[in-house]
$ cat model.txt   # compact mmCIF, C-alpha atoms
# COMPACT_ATOMS: atom_id res chain seq x y z
CA MET A 1 46.41 -152.03 -27.77
CA SER A 2 44.28 -155.14 -27.98
CA ASP A 3 45.43 -156.46 -24.63
CA GLU A 4 42.14 -157.40 -23.01
CA THR A 5 43.55 -159.60 -20.30
CA THR A 6 43.89 -156.97 -17.60
CA ASN A 7 42.40 -153.59 -18.13
CA PRO A 8 41.08 -152.28 -14.82
CA MET A 9 39.91 -148.99 -16.31
CA ARG A 10 37.86 -150.74 -18.95
CA GLU A 11 36.40 -153.17 -16.42
CA GLN A 12 35.52 -150.33 -14.09
CA ILE A 13 33.70 -148.47 -16.84
CA GLN A 14 31.84 -151.60 -17.92
CA ALA A 15 30.85 -152.28 -14.31
CA ALA A 16 29.60 -148.71 -13.92
CA ILE A 17 27.49 -149.07 -17.07
CA ALA A 18 26.12 -152.41 -15.88
CA GLU A 19 25.34 -151.25 -12.35
CA ASN A 20 23.66 -147.95 -13.14
CA PRO A 21 20.37 -148.05 -15.07
CA VAL A 22 20.98 -144.52 -16.32
CA ILE A 23 24.55 -143.29 -16.55
CA LEU A 24 25.97 -140.27 -18.29
CA PHE A 25 29.64 -139.91 -19.11
CA MET A 26 30.32 -136.21 -19.39
CA LYS A 27 32.89 -133.44 -19.22
CA GLY A 28 32.57 -132.06 -15.71
CA THR A 29 29.67 -132.80 -13.41
CA PRO A 30 25.94 -132.06 -13.58
CA ASP A 31 26.58 -129.19 -11.17
CA GLN A 32 29.62 -127.97 -13.02
CA PRO A 33 29.55 -129.11 -16.62
CA MET A 34 32.71 -128.19 -18.52
CA CYS A 35 31.26 -128.33 -22.02
CA GLY A 36 28.03 -127.09 -23.55
CA PHE A 37 27.09 -130.49 -24.93
CA SER A 38 27.55 -132.18 -21.58
CA ALA A 39 25.62 -129.35 -19.92
CA ARG A 40 22.69 -129.71 -22.28
CA THR A 41 22.50 -133.48 -21.99
CA SER A 42 22.62 -133.50 -18.21
CA ALA A 43 20.06 -130.66 -18.09
CA ILE A 44 17.69 -132.74 -20.23
CA LEU A 45 17.95 -135.69 -17.85
CA GLN A 46 17.33 -133.40 -14.90
CA SER A 47 14.38 -131.74 -16.60
CA VAL A 48 12.59 -135.06 -17.11
CA GLY A 49 13.18 -135.84 -13.44
CA GLN A 50 15.39 -138.81 -14.14
CA PRO A 51 17.96 -139.63 -11.45
CA PHE A 52 21.20 -140.66 -13.09
CA ALA A 53 24.76 -141.51 -12.33
CA ALA A 54 27.32 -139.20 -13.85
CA VAL A 55 30.97 -139.82 -14.55
CA ASN A 56 33.34 -136.97 -15.20
CA ILE A 57 35.72 -138.16 -17.89
CA LEU A 58 38.11 -135.24 -17.60
CA PRO A 59 40.32 -136.34 -14.68
CA ASP A 60 41.95 -139.15 -16.66
CA PRO A 61 42.24 -139.32 -20.47
CA ARG A 62 42.09 -143.10 -20.31
CA ILE A 63 38.43 -142.94 -19.23
CA ARG A 64 37.47 -141.38 -22.53
CA GLN A 65 39.76 -143.66 -24.48
CA GLU A 66 38.30 -146.83 -22.97
CA LEU A 67 34.74 -145.52 -23.05
CA SER A 68 34.95 -144.70 -26.75
CA SER A 69 36.43 -148.08 -27.43
CA ILE A 70 33.53 -149.75 -25.58
CA SER A 71 30.81 -147.69 -27.24
CA ASN A 72 32.47 -147.17 -30.61
CA TRP A 73 31.50 -143.53 -30.29
CA PRO A 74 34.06 -140.73 -30.51
CA THR A 75 32.46 -137.84 -28.64
CA ILE A 76 31.40 -136.92 -25.13
CA PRO A 77 28.79 -136.93 -23.57
CA GLN A 78 27.57 -140.53 -23.83
CA LEU A 79 24.35 -141.76 -22.30
CA PHE A 80 23.68 -145.39 -21.41
CA ILE A 81 20.25 -146.71 -20.38
CA ASP A 82 19.98 -150.23 -19.00
CA GLY A 83 23.48 -151.02 -20.20
CA GLU A 84 22.78 -149.90 -23.76
CA PHE A 85 24.50 -147.00 -25.46
CA VAL A 86 21.81 -144.49 -26.39
CA GLY A 87 23.75 -141.64 -27.93
CA GLY A 88 25.38 -138.31 -27.38
CA CYS A 89 24.02 -134.81 -27.10
CA ASP A 90 22.47 -134.65 -30.59
CA ILE A 91 20.63 -137.94 -30.29
CA VAL A 92 19.49 -137.34 -26.70
CA THR A 93 18.20 -133.92 -27.72
CA GLU A 94 16.29 -135.38 -30.69
CA MET A 95 14.88 -138.14 -28.51
CA TYR A 96 13.84 -135.65 -25.86
CA GLU A 97 12.03 -133.53 -28.42
CA SER A 98 10.26 -136.49 -30.01
CA GLY A 99 9.27 -138.12 -26.72
CA GLU A 100 11.45 -141.18 -27.37
CA LEU A 101 13.62 -140.36 -24.39
CA HIS A 102 10.66 -140.66 -22.03
CA GLN A 103 9.88 -144.04 -23.57
CA ALA A 104 13.45 -145.22 -23.24
CA LEU A 105 13.48 -144.15 -19.61
CA GLY A 106 10.07 -145.63 -18.90
CA LEU A 107 8.67 -142.25 -17.89
CA ASP A 108 5.17 -141.05 -18.57
CA ALA A 109 5.17 -139.00 -21.70
CA VAL A 110 4.83 -135.32 -21.03
CA ALA A 111 4.41 -132.51 -23.45
CA THR A 112 7.85 -131.44 -24.49
CA GLY A 113 8.88 -128.20 -26.02
CA SER A 114 6.35 -126.47 -23.79
CA SER A 115 7.02 -123.43 -21.70
CA GLU A 116 8.81 -125.55 -19.15
CA ALA A 117 11.33 -123.46 -17.31
CA THR A 118 14.94 -124.00 -18.19
CA PRO A 119 16.10 -126.99 -16.17
CA GLU A 120 17.80 -125.93 -13.01
CA ALA A 121 21.21 -127.28 -12.34
CA HIS A 122 20.28 -129.01 -9.12
CA ALA A 123 22.06 -132.18 -8.21
CA PRO A 124 20.50 -135.42 -9.35
CA GLU A 125 19.29 -137.78 -6.66
CA ALA A 126 21.77 -140.46 -7.49
CA ALA A 127 25.16 -139.53 -6.19
CA PRO A 128 27.50 -138.81 -9.05
CA LEU A 129 29.78 -141.74 -9.49
CA THR A 130 33.43 -140.96 -9.64
CA ILE A 131 35.95 -143.09 -11.35
CA GLU A 132 39.04 -142.39 -9.40
CA ASN A 133 42.19 -141.40 -11.09
CA ARG A 134 44.58 -144.23 -10.43
CA LEU A 135 47.99 -144.79 -11.88
CA MET B 136 46.95 -128.57 -48.55
CA SER B 137 47.50 -131.18 -45.90
CA ALA B 138 44.35 -132.17 -44.08
CA SER B 139 46.14 -132.58 -40.79
CA GLY B 140 47.89 -129.26 -40.27
CA ALA B 141 45.53 -126.36 -40.69
CA ASP B 142 42.24 -125.74 -38.96
CA ALA B 143 39.36 -127.71 -40.36
CA THR B 144 36.84 -125.76 -42.40
CA PRO B 145 33.14 -126.40 -42.95
CA ASP B 146 33.88 -126.79 -46.64
CA GLU B 147 36.49 -129.46 -46.01
CA LEU B 148 34.10 -131.40 -43.78
CA LYS B 149 31.30 -131.12 -46.30
CA HIS B 150 33.44 -132.50 -49.10
CA ARG B 151 34.86 -135.30 -47.02
CA ILE B 152 31.39 -136.39 -45.85
CA GLU B 153 30.08 -136.32 -49.40
CA ALA B 154 33.10 -138.25 -50.66
CA GLY B 155 33.01 -140.74 -47.79
CA ILE B 156 29.32 -141.64 -47.81
CA PRO B 157 27.87 -142.68 -51.17
CA GLY B 158 25.19 -140.32 -52.39
CA ALA B 159 25.46 -138.09 -49.33
CA SER B 160 24.67 -134.44 -49.35
CA ALA B 161 25.94 -132.35 -46.42
CA GLU B 162 25.45 -128.85 -45.08
CA VAL B 163 28.21 -127.98 -42.62
CA THR B 164 28.63 -124.90 -40.48
CA GLY B 165 31.32 -124.24 -37.95
CA ASP B 166 34.10 -122.06 -36.62
CA GLY B 167 37.13 -124.28 -37.24
CA HIS B 168 36.68 -126.25 -34.02
CA HIS B 169 32.97 -126.76 -33.43
CA PHE B 170 30.93 -127.93 -36.37
CA ASN B 171 27.36 -128.82 -37.16
CA ALA B 172 26.60 -131.14 -40.04
CA VAL B 173 23.21 -131.89 -41.56
CA VAL B 174 23.67 -134.95 -43.73
CA SER B 175 21.22 -136.69 -46.05
CA ALA B 176 22.09 -139.97 -47.69
CA PRO B 177 20.35 -143.04 -49.07
CA ALA B 178 22.93 -145.08 -47.14
CA PHE B 179 21.16 -144.08 -43.89
CA SER B 180 17.99 -145.83 -44.91
CA GLY B 181 17.02 -148.54 -42.45
CA LEU B 182 19.81 -147.67 -40.01
CA SER B 183 19.31 -146.59 -36.41
CA ARG B 184 20.18 -143.01 -35.53
CA ILE B 185 23.32 -144.22 -33.78
CA ALA B 186 24.42 -146.16 -36.85
CA GLN B 187 23.73 -143.15 -39.08
CA HIS B 188 25.82 -140.86 -36.90
CA ARG B 189 28.59 -143.45 -36.74
CA LEU B 190 28.83 -143.44 -40.54
CA VAL B 191 29.49 -139.70 -40.38
CA TYR B 192 31.95 -139.92 -37.49
CA ASP B 193 33.77 -142.73 -39.30
CA VAL B 194 34.64 -140.35 -42.13
CA PHE B 195 36.89 -138.47 -39.71
CA GLY B 196 38.17 -141.22 -37.43
CA ALA B 197 40.42 -139.99 -34.65
CA GLU B 198 40.17 -136.39 -35.85
CA VAL B 199 36.84 -136.12 -34.03
CA GLY B 200 37.56 -134.82 -30.56
CA ASP B 201 41.00 -133.75 -31.66
CA ARG B 202 41.44 -131.56 -34.73
CA ILE B 203 37.67 -131.45 -35.12
CA HIS B 204 36.91 -130.58 -31.53
CA ALA B 205 33.18 -131.12 -31.75
CA LEU B 206 30.89 -132.34 -34.49
CA SER B 207 27.14 -132.11 -34.05
CA ILE B 208 25.21 -134.26 -36.48
CA GLN B 209 21.68 -134.42 -37.78
CA THR B 210 20.99 -137.16 -40.29
CA LYS B 211 18.21 -137.84 -42.76
CA ALA B 212 17.72 -140.90 -44.90
CA THR B 213 16.87 -140.04 -48.49
CA GLU B 214 15.48 -142.12 -51.30
CA SER B 215 18.24 -143.59 -53.37
CA ILE B 216 18.28 -142.39 -56.94
CA ALA B 217 18.44 -145.51 -59.03
$ encode --input "model.txt" --output "structure tokens"
Amino acid sequence: MSDETTNPMREQIQAAIAENPVILFMKGTPDQPMCGFSARTSAILQSVGQPFAAVNILPDPRIRQELSSISNWPTIPQLFIDGEFVGGCDIVTEMYESGELHQALGLDAVATGSSEATPEAHAPEAAPLTIENRL
Amino acid sequence: MSASGADATPDELKHRIEAGIPGASAEVTGDGHHFNAVVSAPAFSGLSRIAQHRLVYDVFGAEVGDRIHALSIQTKATESIA
């Protein structure tokens, strides 16, 4: 379990977190989320106009296992900004509503909770990153 | 009743949170798989939101994501009653 000498999956996840300023680990993809919590979190990022990398954790159970071990967080989705774990759906939602998410992302604060249309599920500008399923 | 066999209930989660976090008071709703917990505790005082939520997740360990399929959390720090 605590073999940290060679763990390609863990290294790949850590590299993805380091290389992408905003990265969301989710069930499914922003276009096709497979869980309501992942859907909501990715919709929030899209609604604030933030390009982000997305990793679908479903293809390989080891992704989630390693991710949770890195973040010490049991649930999906998980958002990282500038290499730092920010939270899951509950925390991202609270931060969005309070304006903290805009701050964390370095975006101009906008009025939240307004009559903004429901975020459309268009693809983010950053190509979704895929961690390939390798044996 | 064994905690591992049957479906989890909101009541079970409430009691385990309140037993696991000193001074905590929890309101839990849910359908046996997806739960929402609103937890107040003096132990949250001074902790980041992430740290507060971790305290709640830690009560259930590996059951979160498994037996407890999803657990939404809202936390509030309360004054400790001396």
$ interface_residues --input "model.txt" --of "chain B" --to "chain A" --cutoff "8 Å" --atoms "all atoms listed in the file" --output "list in words"
Arg184, Ile185, Arg189, Tyr192, Ala197, Val199, Gly200, Ala205, Ser207, Ile208 and Gln209 of chain B
$ atom_distance --input "model.txt" --atom1 "atom CA of Ala176 of chain B" --atom2 "atom CA of Ser160 of chain B"
6.3 Å
$ closest_residue --input "model.txt" --among "B:Val163, B:His168, B:Gly158, B:His188" --to "Asp142 of chain B" --atoms "all atoms listed in the file"
B:His168
$ closest_residue --input "model.txt" --among "B:Ser183, B:Thr210, B:Ser175, B:Thr164" --to "Asp146 of chain B" --atoms "only C-alpha atoms"
B:Thr164
$ residues_around --input "model.txt" --residues "Pro30 of chain A" --least-positions-apart "2" --cutoff "6 Å" --atoms "only C-alpha atoms" --output "list in words"
Gln32, Pro33 and Ser42 of chain A
$ atom_distance --input "model.txt" --atom1 "atom CA of Pro145 of chain B" --atom2 "atom CA of Ala161 of chain B"
10.0 Å
$ residues_around --input "model.txt" --residues "Thr144 of chain B" --least-positions-apart "5" --cutoff "12 Å" --atoms "all atoms listed in the file" --output "list in words"
Ala138, Ser139, Lys149, His150, Arg151, Val163, Thr164, Gly165, Asp166, Gly167, His168, His169, Phe170, Asn171, Ala172, Arg202, Ile203, His204 and Leu206 of chain B
